[in-house]
$ cat target.cif   # mmCIF, N, CA and C atoms
data_final
loop_
_atom_site.label_atom_id
_atom_site.label_comp_id
_atom_site.auth_asym_id
_atom_site.auth_seq_id
_atom_site.Cartn_x
_atom_site.Cartn_y
_atom_site.Cartn_z
N MET Q 1 21.69 61.84 65.13
CA MET Q 1 22.78 62.78 65.31
C MET Q 1 23.72 62.23 66.37
N MET Q 2 24.99 62.16 66.04
CA MET Q 2 25.99 61.61 66.97
C MET Q 2 26.64 62.75 67.74
N MET Q 3 26.71 62.60 69.05
CA MET Q 3 27.33 63.61 69.90
C MET Q 3 28.65 63.05 70.41
N SER Q 4 29.66 63.87 70.51
CA SER Q 4 30.92 63.42 71.08
C SER Q 4 31.38 64.44 72.11
N ALA Q 5 32.00 63.94 73.14
CA ALA Q 5 32.50 64.80 74.20
C ALA Q 5 33.96 65.12 73.94
N ILE Q 6 34.34 66.32 74.19
CA ILE Q 6 35.74 66.71 74.10
C ILE Q 6 36.30 66.72 75.52
N VAL Q 7 37.30 65.87 75.73
CA VAL Q 7 37.91 65.75 77.05
C VAL Q 7 39.02 66.79 77.16
N PRO Q 8 38.99 67.62 78.20
CA PRO Q 8 40.03 68.65 78.36
C PRO Q 8 41.32 68.03 78.89
N HIS Q 9 42.00 67.27 78.03
CA HIS Q 9 43.25 66.58 78.40
C HIS Q 9 44.34 67.59 78.76
N ILE Q 10 45.08 67.29 79.79
CA ILE Q 10 46.20 68.12 80.22
C ILE Q 10 47.49 67.42 79.80
N PRO Q 11 48.25 67.95 78.83
CA PRO Q 11 49.49 67.30 78.44
C PRO Q 11 50.54 67.41 79.55
N VAL Q 12 51.25 66.32 79.77
CA VAL Q 12 52.27 66.26 80.81
C VAL Q 12 53.51 65.66 80.18
N ALA Q 13 54.68 66.07 80.64
CA ALA Q 13 55.93 65.46 80.20
C ALA Q 13 56.80 65.23 81.42
N GLY Q 14 57.27 63.99 81.56
CA GLY Q 14 58.16 63.67 82.67
C GLY Q 14 58.31 62.18 82.83
N VAL Q 15 59.24 61.79 83.69
CA VAL Q 15 59.49 60.38 83.99
C VAL Q 15 59.34 60.18 85.48
N TRP Q 16 58.54 59.20 85.87
CA TRP Q 16 58.34 58.83 87.26
C TRP Q 16 58.94 57.44 87.45
N THR Q 17 59.62 57.22 88.57
CA THR Q 17 60.30 55.96 88.85
C THR Q 17 59.77 55.37 90.15
N SER Q 18 59.62 54.04 90.18
CA SER Q 18 59.17 53.35 91.40
C SER Q 18 60.22 53.52 92.49
N PRO Q 19 59.81 53.40 93.76
CA PRO Q 19 60.75 53.59 94.87
C PRO Q 19 61.98 52.67 94.79
N ASP Q 20 61.82 51.45 94.26
CA ASP Q 20 62.95 50.53 94.16
C ASP Q 20 63.77 50.74 92.89
N GLY Q 21 63.33 51.64 92.01
CA GLY Q 21 64.06 51.96 90.80
C GLY Q 21 63.92 50.96 89.67
N HIS Q 22 63.08 49.95 89.82
CA HIS Q 22 62.94 48.92 88.79
C HIS Q 22 61.96 49.27 87.68
N ILE Q 23 61.02 50.15 87.95
CA ILE Q 23 59.99 50.50 86.96
C ILE Q 23 60.00 52.01 86.75
N SER Q 24 59.96 52.42 85.49
CA SER Q 24 59.81 53.85 85.20
C SER Q 24 58.69 54.04 84.19
N LEU Q 25 58.00 55.15 84.32
CA LEU Q 25 56.89 55.50 83.45
C LEU Q 25 57.14 56.89 82.90
N GLU Q 26 57.25 56.95 81.58
CA GLU Q 26 57.46 58.24 80.91
C GLU Q 26 56.14 58.68 80.30
N LEU Q 27 55.67 59.85 80.71
CA LEU Q 27 54.51 60.49 80.08
C LEU Q 27 55.06 61.55 79.14
N ARG Q 28 54.68 61.47 77.88
CA ARG Q 28 55.18 62.40 76.89
C ARG Q 28 54.13 63.45 76.56
N ALA Q 29 54.57 64.61 76.17
CA ALA Q 29 53.65 65.73 75.88
C ALA Q 29 52.71 65.43 74.72
N ASP Q 30 53.06 64.43 73.88
CA ASP Q 30 52.20 64.09 72.74
C ASP Q 30 51.06 63.15 73.12
N GLY Q 31 50.93 62.83 74.43
CA GLY Q 31 49.84 61.98 74.90
C GLY Q 31 50.17 60.51 74.94
N ARG Q 32 51.41 60.13 74.63
CA ARG Q 32 51.84 58.73 74.68
C ARG Q 32 52.56 58.47 76.00
N PHE Q 33 52.59 57.20 76.42
CA PHE Q 33 53.40 56.81 77.57
C PHE Q 33 54.23 55.59 77.23
N ILE Q 34 55.34 55.43 77.95
CA ILE Q 34 56.22 54.29 77.80
C ILE Q 34 56.61 53.82 79.20
N GLU Q 35 56.37 52.54 79.48
CA GLU Q 35 56.80 51.96 80.76
C GLU Q 35 57.97 51.03 80.49
N THR Q 36 59.00 51.17 81.30
CA THR Q 36 60.16 50.28 81.20
C THR Q 36 60.36 49.60 82.55
N ARG Q 37 60.92 48.39 82.51
CA ARG Q 37 61.20 47.63 83.73
C ARG Q 37 62.62 47.11 83.67
N ASP Q 38 63.40 47.46 84.68
CA ASP Q 38 64.81 47.08 84.73
C ASP Q 38 65.47 47.36 83.39
N ASP Q 39 65.97 46.34 82.72
CA ASP Q 39 66.67 46.54 81.46
C ASP Q 39 65.79 46.34 80.23
N PHE Q 40 64.48 46.17 80.43
CA PHE Q 40 63.56 45.95 79.31
C PHE Q 40 62.88 47.28 78.96
N SER Q 41 63.17 47.78 77.77
CA SER Q 41 62.55 49.04 77.36
C SER Q 41 61.22 48.77 76.68
N ASP Q 42 60.36 49.74 76.72
CA ASP Q 42 59.05 49.68 76.05
C ASP Q 42 58.24 48.44 76.42
N VAL Q 43 58.20 48.10 77.71
CA VAL Q 43 57.42 46.95 78.16
C VAL Q 43 55.94 47.19 77.88
N PHE Q 44 55.46 48.37 78.24
CA PHE Q 44 54.09 48.76 77.94
C PHE Q 44 54.12 50.14 77.30
N THR Q 45 53.32 50.30 76.26
CA THR Q 45 53.20 51.60 75.59
C THR Q 45 51.72 51.86 75.32
N GLY Q 46 51.38 53.11 75.15
CA GLY Q 46 50.00 53.45 74.86
C GLY Q 46 49.78 54.94 74.94
N VAL Q 47 48.52 55.31 75.15
CA VAL Q 47 48.16 56.72 75.28
C VAL Q 47 47.61 56.96 76.69
N TYR Q 48 47.73 58.18 77.13
CA TYR Q 48 47.19 58.54 78.44
C TYR Q 48 46.29 59.76 78.31
N VAL Q 49 45.38 59.88 79.27
CA VAL Q 49 44.53 61.05 79.37
C VAL Q 49 44.58 61.51 80.82
N LEU Q 50 44.86 62.78 81.01
CA LEU Q 50 44.88 63.39 82.34
C LEU Q 50 43.81 64.47 82.38
N VAL Q 51 42.83 64.28 83.27
CA VAL Q 51 41.76 65.26 83.46
C VAL Q 51 41.75 65.60 84.94
N GLY Q 52 42.09 66.84 85.26
CA GLY Q 52 42.26 67.19 86.67
C GLY Q 52 43.42 66.39 87.23
N GLU Q 53 43.18 65.64 88.30
CA GLU Q 53 44.21 64.78 88.88
C GLU Q 53 44.03 63.32 88.48
N THR Q 54 43.01 63.02 87.69
CA THR Q 54 42.71 61.64 87.30
C THR Q 54 43.47 61.28 86.03
N LEU Q 55 44.24 60.20 86.12
CA LEU Q 55 45.06 59.73 85.01
C LEU Q 55 44.54 58.37 84.54
N LYS Q 56 44.38 58.20 83.24
CA LYS Q 56 44.01 56.91 82.64
C LYS Q 56 45.08 56.56 81.62
N LEU Q 57 45.64 55.35 81.75
CA LEU Q 57 46.59 54.83 80.78
C LEU Q 57 45.87 53.77 79.95
N PHE Q 58 45.87 53.93 78.64
CA PHE Q 58 45.25 52.97 77.73
C PHE Q 58 46.38 52.27 76.98
N GLU Q 59 46.72 51.07 77.43
CA GLU Q 59 47.83 50.32 76.86
C GLU Q 59 47.47 49.87 75.44
N ASP Q 60 48.46 49.82 74.57
CA ASP Q 60 48.22 49.51 73.16
C ASP Q 60 47.54 48.16 72.93
N HIS Q 61 47.64 47.24 73.88
CA HIS Q 61 47.05 45.91 73.71
C HIS Q 61 45.76 45.72 74.51
N GLY Q 62 45.19 46.83 75.02
CA GLY Q 62 43.86 46.74 75.61
C GLY Q 62 43.74 46.94 77.10
N ALA Q 63 44.81 46.85 77.85
CA ALA Q 63 44.71 47.04 79.30
C ALA Q 63 44.50 48.52 79.61
N VAL Q 64 43.81 48.78 80.72
CA VAL Q 64 43.55 50.15 81.18
C VAL Q 64 43.99 50.25 82.63
N VAL Q 65 44.74 51.29 82.95
CA VAL Q 65 45.18 51.53 84.32
C VAL Q 65 44.70 52.91 84.73
N SER Q 66 44.11 53.00 85.92
CA SER Q 66 43.67 54.29 86.46
C SER Q 66 44.61 54.72 87.55
N GLY Q 67 44.75 56.02 87.71
CA GLY Q 67 45.61 56.53 88.76
C GLY Q 67 45.36 58.00 88.99
N THR Q 68 46.25 58.60 89.77
CA THR Q 68 46.18 60.04 90.04
C THR Q 68 47.57 60.65 89.89
N LEU Q 69 47.57 61.90 89.52
CA LEU Q 69 48.80 62.69 89.45
C LEU Q 69 48.50 63.98 90.19
N SER Q 70 49.12 64.10 91.36
CA SER Q 70 48.84 65.24 92.23
C SER Q 70 50.12 65.69 92.92
N ASN Q 71 50.39 66.98 92.86
CA ASN Q 71 51.57 67.57 93.50
C ASN Q 71 52.86 66.86 93.08
N GLY Q 72 52.92 66.46 91.80
CA GLY Q 72 54.12 65.81 91.28
C GLY Q 72 54.24 64.34 91.60
N ARG Q 73 53.29 63.79 92.35
CA ARG Q 73 53.33 62.37 92.73
C ARG Q 73 52.36 61.58 91.86
N LEU Q 74 52.84 60.48 91.32
CA LEU Q 74 52.04 59.62 90.46
C LEU Q 74 51.70 58.36 91.23
N SER Q 75 50.42 58.03 91.28
CA SER Q 75 49.95 56.83 91.96
C SER Q 75 49.05 56.06 91.00
N LEU Q 76 49.36 54.78 90.78
CA LEU Q 76 48.58 53.96 89.86
C LEU Q 76 47.84 52.88 90.62
N GLY Q 77 46.64 52.56 90.15
CA GLY Q 77 45.83 51.50 90.75
C GLY Q 77 46.06 50.18 90.02
N THR Q 78 45.05 49.35 90.04
CA THR Q 78 45.15 48.03 89.43
C THR Q 78 44.90 48.11 87.93
N VAL Q 79 45.38 47.10 87.23
CA VAL Q 79 45.23 47.02 85.78
C VAL Q 79 43.91 46.33 85.45
N GLN Q 80 43.16 46.92 84.54
CA GLN Q 80 41.94 46.31 84.03
C GLN Q 80 42.29 45.69 82.68
N ARG Q 81 42.31 44.37 82.63
CA ARG Q 81 42.67 43.66 81.41
C ARG Q 81 41.42 43.35 80.58
N PRO Q 82 41.58 43.25 79.28
CA PRO Q 82 40.44 42.85 78.44
C PRO Q 82 40.08 41.40 78.73
N VAL Q 83 38.85 41.03 78.45
CA VAL Q 83 38.40 39.66 78.62
C VAL Q 83 38.83 38.86 77.40
N PHE Q 84 39.47 37.71 77.64
CA PHE Q 84 39.94 36.87 76.54
C PHE Q 84 38.92 35.78 76.25
N HIS Q 85 38.83 35.38 75.01
CA HIS Q 85 37.95 34.30 74.62
C HIS Q 85 38.58 33.52 73.48
N THR Q 86 38.04 32.38 73.18
CA THR Q 86 38.51 31.57 72.08
C THR Q 86 37.35 31.20 71.17
N GLU Q 87 37.65 31.01 69.91
CA GLU Q 87 36.62 30.64 68.95
C GLU Q 87 36.32 29.14 69.01
N VAL Q 88 37.26 28.36 69.51
CA VAL Q 88 37.08 26.91 69.62
C VAL Q 88 37.18 26.53 71.10
N GLU Q 89 36.52 25.45 71.46
CA GLU Q 89 36.54 25.01 72.84
C GLU Q 89 37.93 24.50 73.18
N ALA Q 90 38.49 25.03 74.25
CA ALA Q 90 39.83 24.62 74.67
C ALA Q 90 39.77 23.27 75.35
N PRO Q 91 40.74 22.41 75.05
CA PRO Q 91 40.73 21.09 75.70
C PRO Q 91 41.05 21.20 77.18
N ILE Q 92 40.43 20.35 77.96
CA ILE Q 92 40.72 20.31 79.39
C ILE Q 92 41.79 19.26 79.60
N LEU Q 93 42.88 19.66 80.17
CA LEU Q 93 44.02 18.74 80.35
C LEU Q 93 43.95 18.03 81.68
#
$ encode --input "target.cif" --output "structure tokens"
Amino acid sequence: MMMSAIVPHIPVAGVWTSPDGHISLELRADGRFIETRDDFSDVFTGVYVLVGETLKLFEDHGAVVSGTLSNGRLSLGTVQRPVFHTEVEAPIL
């Protein structure tokens, strides 16, 4: 018998901008996020989950970012990237 947990996700909608104005992160009410940098739109996209004040961003290409959203302030930690591998041995240059 397979058990699954239901996460009480809190939908959020808004745009947060870095202090220097170069990076913005849009959290959409449908659970998606879009990060833009300077003039480059949709640099990173994916889904987010907010439980309490804990925010997890799951980027479409595998990276995961953890952070907090508290009193209207968004704080993000480091990016956890997937481990890359190759099927063939890479040449040493």
$ resolve_selection --input "target.cif" --expression "the PyMOL selection byres ((chain Q and resi 14-25) around 8)" --output "VMD selection string"
chain Q and resid 11 to 13 26 to 29 33 to 39 74
$ atom_distance --input "target.cif" --atom1 "atom CA of Asn71 of chain Q" --atom2 "atom CA of Glu59 of chain Q"
24.3 Å
$ atom_distance --input "target.cif" --atom1 "atom CA of Asp42 of chain Q" --atom2 "atom CA of His61 of chain Q"
12.8 Å
$ select_by_dssp --input "target.cif" --residues "segment 10-85 of chain Q" --states "strand (DSSP E)" --output "ChimeraX atom specification"
/Q:14-17,23-27,32-37,40-51,54-59,64-70,73-80
$ residues_around --input "target.cif" --residues "Gly77 of chain Q" --least-positions-apart "2" --cutoff "6 Å" --atoms "only N, CA and C atoms" --output "ChimeraX atom specification"
/Q:65-67,75,79
$ atom_distance --input "target.cif" --atom1 "atom CA of Thr45 of chain Q" --atom2 "atom CA of Arg32 of chain Q"
7.3 Å
